[in-house]
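These notes concern the structure reproduced below.
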Amino acid sequence: MSSPILVHHGIDIKFKRTKQIIDKTSFILKTSITDEQNKIDSLRFDLYVSTLVGNNFVDKISDLSSDSEQIMLVGCKGQIGKFIFFSEFFKFIFNSFIELDFVKVRQANKSRPQLSNKDITLIQIYECDALEIHYNTENKSITENDLKNIFKSVWKNIFSYNFPSENCAEVEFINADGKILFKRFFLFKNFFLLFLSF
Amino acid sequence: MLTIELIQNKFDVTINPIIDSVDEHNDDIRSNVSSEYDSRPRQTKIQLRPDWAMIAAHRKFKLEYKEFIRNY
């Protein structure tokens with residue numbers, strides 16, 4: 001199939017692969033939290049991440065912590081070791097096409113598994129194709145029309161959505177051009193790439 | 001232009017990615033599978049049974065349906 005959307009009598013029939021793809025540019029670092037005080041501060045975390053993947057390759061670190069665990073989503077620009085000869089400009093352009101060398105990252109994590117006397121677990125993840133969304137105003141419910149309004153420009157790429165509770169919605173994308181969609185949302189620095197992809 | 005930050009500010013919402021971890025035990029097997037993925041376009045014939053549409057779209061049965069396709 002060349003397109004994930006088939007139009008049948010004016011209705012979009014959307015297809016999505018059932019096998020998930022491993023994300024080659026992001027991963028998660030996780031550690032437990034016993035109380036607020038023993039949370040590792042973000043500066044130390046940033047430093048730790050640079051020891052794993054190298055300073056120039058970290059793109060964005062997002063905090064996804066829960067009450068019991070400190071969870072950091074690390075988004076990378078590129079691979080350690082390879083492509084080092086590229087100029088900054090080329091790195092900028094090829095950012096999304098360079099994959100992370102996970103064997104090396106794992107080795108680095110094994111050789112230095114602790115930070116502030118806490119074990120740091122490295123977790124590989126699948127490419128993200130779904131989002132959770134809620135209003136910042138407490139107890140404000142979110143509706144189908146709100147979603148249509150918020151995701152207007154990418155509505156066609158939405159595969160499904162549902163409402164686990166009145167105040168929160170989950171939106172899943174087709175993920176046909178998963179990486180680009182992902183980049184589009186989370187690493188929106190690559191303007192060039194976006195121009196290329198539209 | 002659309003960014004997560006822009007949306008969050010404009011609509012006063014918080015957006016979080018929903019992330020699946022790779023099962024550590026199956027790690028290597030799965031990476032192989034994903035790297036062998038062949039993206040060449042192919043002829044695909046799709047027959048839609050109208051009575052399946054409801055199941056495929058149902059928020060609860062959709063998951064079971066997906067599971068079914070996967071194991072089929």
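If you're wondering about the labels, chains in the structure tokens are A, B, ... by order shown, residues count from 1 in each chain, ligands from 1 in order shown.
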
Return the neighbours of chain B among the residues of chain A, cut-off 9 Å, counting only C-alpha atoms, as a short mmCIF file (atom, residue, chain, number, x, y, z; two decimals) with C-alpha atoms, in the first residue's frame.
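Done, and the output landed in iface35.cif:
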```cif
data_model
loop_
_atom_site.label_atom_id
_atom_site.label_comp_id
_atom_site.auth_asym_id
_atom_site.auth_seq_id
_atom_site.Cartn_x
_atom_site.Cartn_y
_atom_site.Cartn_z
CA MET A 1 0.00 0.00 0.00
CA SER A 2 1.40 3.35 -0.94
CA SER A 3 -0.88 5.40 1.29
CA THR A 18 0.17 -3.58 14.13
CA LYS A 19 3.86 -4.25 14.69
CA GLN A 20 5.48 -1.45 16.60
CA ILE A 21 8.82 0.00 15.54
CA ILE A 22 11.58 0.53 18.07
CA PHE A 27 15.03 6.16 25.19
CA ILE A 28 13.94 6.36 28.80
CA LEU A 64 7.54 12.23 32.57
CA ILE A 123 14.72 1.42 28.78
CA GLN A 124 14.25 1.17 25.06
CA ILE A 125 10.92 2.37 23.74
CA TYR A 126 8.74 2.06 20.68
CA GLU A 127 8.15 5.02 18.43
CA CYS A 128 5.55 7.19 19.99
CA ASP A 129 2.32 7.35 18.04
CA ALA A 130 -0.11 8.33 20.76
CA LEU A 131 -0.66 11.31 23.02
CA GLU A 132 -2.56 12.01 26.20
CA ILE A 133 -4.18 15.42 26.45
CA HIS A 134 -6.04 17.28 29.20
CA TYR A 135 -6.96 20.88 30.01
CA ASN A 136 -4.82 22.67 32.55
CA THR A 137 -7.95 23.87 34.30
CA ILE A 150 -6.97 21.36 18.75
CA PHE A 151 -5.71 18.86 16.18
CA SER A 153 -4.32 20.48 10.93
CA SER A 160 -8.40 6.80 16.76
CA TYR A 161 -9.14 8.60 19.99
CA ASN A 162 -10.87 7.77 23.18
CA GLU A 170 -5.99 9.74 24.22
CA ARG A 184 6.92 17.27 14.16
CA PHE A 185 5.56 17.11 17.62
CA PHE A 186 8.49 16.61 19.87
CA LEU A 187 11.61 17.80 18.18
CA PHE A 188 10.39 20.67 16.17
#
```

For the strand (DSSP E) assignment from backbone DSSP, which residues of stretch 16-177 of chain A qualify? Please present them as JSON, numbers by chain. {"A": [22, 23, 24, 25, 26, 27, 28, 29, 30, 31, 32, 58, 59, 60, 61, 62, 63, 69, 70, 71, 72, 73, 74, 75, 76, 114, 115, 118, 119, 121, 122, 123, 124, 125, 126, 130, 131, 132, 133, 134, 135, 158, 159, 160, 161, 162, 163, 164, 165, 168, 169, 170, 171, 172, 173]}

Which residues are close to A:Ser66, i.e. within 10 Å by only C-alpha atoms, leaving aside same-chain residues fewer than 3 positions away? Reply as an MDAnalysis selection string. chainID A and resid 32:33 63 69:71

Filtering to N, CA and C atoms, could you give me those residues as a PDB file, in the first residue's frame?
```
ATOM      1  N   SER A  32      13.714   5.049  40.963  1.00  0.00           N
ATOM      2  CA  SER A  32      12.582   5.154  41.887  1.00  0.00           C
ATOM      3  C   SER A  32      12.703   6.399  42.771  1.00  0.00           C
ATOM      4  N   ILE A  33      11.568   6.870  43.238  1.00  0.00           N
ATOM      5  CA  ILE A  33      11.547   8.024  44.140  1.00  0.00           C
ATOM      6  C   ILE A  33      10.932   7.553  45.457  1.00  0.00           C
ATOM      7  N   ASP A  63      10.570  15.490  31.179  1.00  0.00           N
ATOM      8  CA  ASP A  63      10.279  14.875  32.475  1.00  0.00           C
ATOM      9  C   ASP A  63       8.890  14.242  32.447  1.00  0.00           C
ATOM     10  N   GLU A  69       8.132   7.150  40.535  1.00  0.00           N
ATOM     11  CA  GLU A  69       9.310   6.993  39.693  1.00  0.00           C
ATOM     12  C   GLU A  69       9.695   8.297  38.997  1.00  0.00           C
ATOM     13  N   GLN A  70      10.998   8.498  38.929  1.00  0.00           N
ATOM     14  CA  GLN A  70      11.487   9.615  38.131  1.00  0.00           C
ATOM     15  C   GLN A  70      11.787   9.078  36.739  1.00  0.00           C
ATOM     16  N   ILE A  71      11.077   9.596  35.756  1.00  0.00           N
ATOM     17  CA  ILE A  71      11.197   9.079  34.397  1.00  0.00           C
ATOM     18  C   ILE A  71      11.596  10.208  33.460  1.00  0.00           C
TER      19      ILE A  71
END
```

Which residues are close to A:Ser62, i.e. within 7 Å by only C-alpha atoms, leaving aside same-chain residues fewer than 3 positions away? Reply as a list in words.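 Final neighbour list, sorted by chain and number: Met72, Leu73 and Val74 of chain A.
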
Atoms kept (N, CA and C atoms) for selection, written as a PDB file, in the first residue's frame:
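Dumped everything to out17.pdb:
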```
ATOM      1  N   MET A  72      12.675  10.005  32.743  1.00  0.00           N
ATOM      2  CA  MET A  72      13.127  11.027  31.810  1.00  0.00           C
ATOM      3  C   MET A  72      13.139  10.460  30.398  1.00  0.00           C
ATOM      4  N   LEU A  73      12.467  11.147  29.522  1.00  0.00           N
ATOM      5  CA  LEU A  73      12.476  10.758  28.109  1.00  0.00           C
ATOM      6  C   LEU A  73      13.594  11.534  27.421  1.00  0.00           C
ATOM      7  N   VAL A  74      14.544  10.810  26.884  1.00  0.00           N
ATOM      8  CA  VAL A  74      15.690  11.451  26.246  1.00  0.00           C
ATOM      9  C   VAL A  74      15.562  11.348  24.732  1.00  0.00           C
TER      10      VAL A  74
END
```
